[in-house]
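Beneath this line is the structure, given in structure tokens, with notes to follow.
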Amino acid sequence: MLLKDTALVYGRYARQSLRSRFALLFGVLMPLLYLLFFGPLLTDLPLGGRGSSWQVLVPGLLLQLGLFGASFAGFSIIIEQGQGVVERMRVTPVSRLALLLGRVLRDATLFVFQAVLLVLAALVMGLRAPLPGVLIGFAFVALLTVSLASLSYALAMKVRTPQEFGPAVNAMTMPMMLLSGLMLPMTLGPAWLDVLSHFVPFRYLVDAVRDAYVGSYTTAHMLYGGLVAVAFATLAVTVGTRVFRTAGA
């Protein structure tokens, strides 16, 4: 029943996304602008890591796509609450876990699709990366999306208005972006900033994908990044499911 319910919810929201092609393509616009206008500035610069500047920048942009896109996914719940959709779902026998999983799996599909578009554009601009590394990057985008979308939906169930939701999400995502080394490796900064960044779990995902993009699959970064991604996704889905159950969604 859980699989059937999840498939039903996933199909509903997937059809919504397919009908909104404008939003589908414009979701990848910001990382693409970084790629087009910021990437060429880094060409041939010593960035303190292995590989080319594209192998440093593109992994960060992939995870930036998941970070900002999934973190704001909860806006749809707030809209549905205003339209009475959540109230109607409360009287159905559908599993509360399925209501969450269907949504976050749709989000993961959407952002992996956008990640594919971003990588294709990067290949045209000069990115060279092994295929297994690119696929690993997509897996990390999917896990990050599941994690952050689950927490975003949970937060949206607790707040009442978009005016409360937006600032709360910004307060969480901005430090994660600044301290994770999305745009440039944190090793380029002062020692105290590099040490501080290790307390941000997102940093380990960024380092892992960068290693994957240079073909290093057995490093400590890959191990730590994979463990953090799986643990974070498990915790986030657990928290999200609990909120959905207690809220009667």
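Order determines the names: the first chain of the structure tokens is A, the second B, and so forth; residues in each chain are numbered 1 upward, and ligands are numbered 1 upward as they are shown.
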Hey, what's within 12 Å of Thr246 (chain A) if we count only C-alpha atoms and toss same-chain stuff fewer than 3 positions away? As a list of chain:residue names, please?
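Skipping anything fewer than 3 positions along the chain leaves A:Arg90, A:Arg96, A:Leu97, A:Ala154, A:Met157, A:Lys158, A:Val239, A:Gly240, A:Thr241, A:Arg242, A:Val243, A:Ala249.
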Output file for the residues above (C-alpha atoms, as a compact mmCIF listing (two decimals), in the first residue's frame):
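After the write, selection_39.txt holds the following:
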# COMPACT_ATOMS: atom_id res chain seq x y z
CA ARG A 90 -6.70 14.61 5.67
CA ARG A 96 1.13 10.05 5.64
CA LEU A 97 4.59 8.78 4.73
CA ALA A 154 7.88 19.92 7.61
CA MET A 157 3.36 22.59 7.94
CA LYS A 158 4.36 24.48 11.07
CA VAL A 239 11.29 14.29 10.88
CA GLY A 240 9.09 15.13 7.91
CA THR A 241 6.97 12.01 8.35
CA ARG A 242 6.45 12.73 12.04
CA VAL A 243 5.30 16.26 11.28
CA ALA A 249 -1.76 16.01 6.59
Please identify all polymer residues within 9 Å of region 149-152 of chain A, counting only C-alpha atoms, omitting same-chain residues fewer than 6 positions from it, and present them as an MDAnalysis selection string.
chainID A and resid 69:75 100:101 103:104 107:108 165 169 233 236:241
Contacts of Ala121 (chain A) at 10 Å or less, counting only C-alpha atoms, minus same-chain residues fewer than 6 places along, as a list in words?
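So the residues in contact are Leu32, Leu35, Leu36, Ala115 and Leu127 of chain A.
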Leu123 (chain A) environment, 12 Å, only C-alpha atoms, sequence neighbours closer than 3 positions dropped, as a list of chain:residue names:
A:Leu35, A:Leu36, A:Trp54, A:Gln55, A:Val58, A:Val116, A:Leu117, A:Leu118, A:Val119, A:Leu120, A:Gly126, A:Leu127, A:Arg128, A:Ala129, A:Pro130, A:Leu131, A:Val134
Go ahead and save the residues from that selection, with C-alpha atoms, as a JSON list (two decimals), in the first residue's frame.
[["chain", "number", "residue", "atom", "x", "y", "z"],
["A", 35, "LEU", "CA", 28.21, 28.79, -15.11],
["A", 36, "LEU", "CA", 28.15, 31.22, -18.03],
["A", 54, "TRP", "CA", 35.20, 23.45, -14.19],
["A", 55, "GLN", "CA", 35.67, 20.33, -12.05],
["A", 58, "VAL", "CA", 30.25, 22.50, -11.59],
["A", 116, "VAL", "CA", 21.50, 16.99, -16.32],
["A", 117, "LEU", "CA", 20.79, 20.18, -18.28],
["A", 118, "LEU", "CA", 23.43, 22.03, -16.25],
["A", 119, "VAL", "CA", 26.08, 19.37, -16.86],
["A", 120, "LEU", "CA", 25.32, 19.31, -20.59],
["A", 126, "GLY", "CA", 34.78, 22.87, -21.35],
["A", 127, "LEU", "CA", 33.97, 20.53, -18.47],
["A", 128, "ARG", "CA", 35.66, 17.15, -18.70],
["A", 129, "ALA", "CA", 34.69, 14.60, -16.07],
["A", 130, "PRO", "CA", 34.39, 10.79, -15.96],
["A", 131, "LEU", "CA", 30.89, 9.41, -16.49],
["A", 134, "VAL", "CA", 28.92, 12.65, -13.15]]
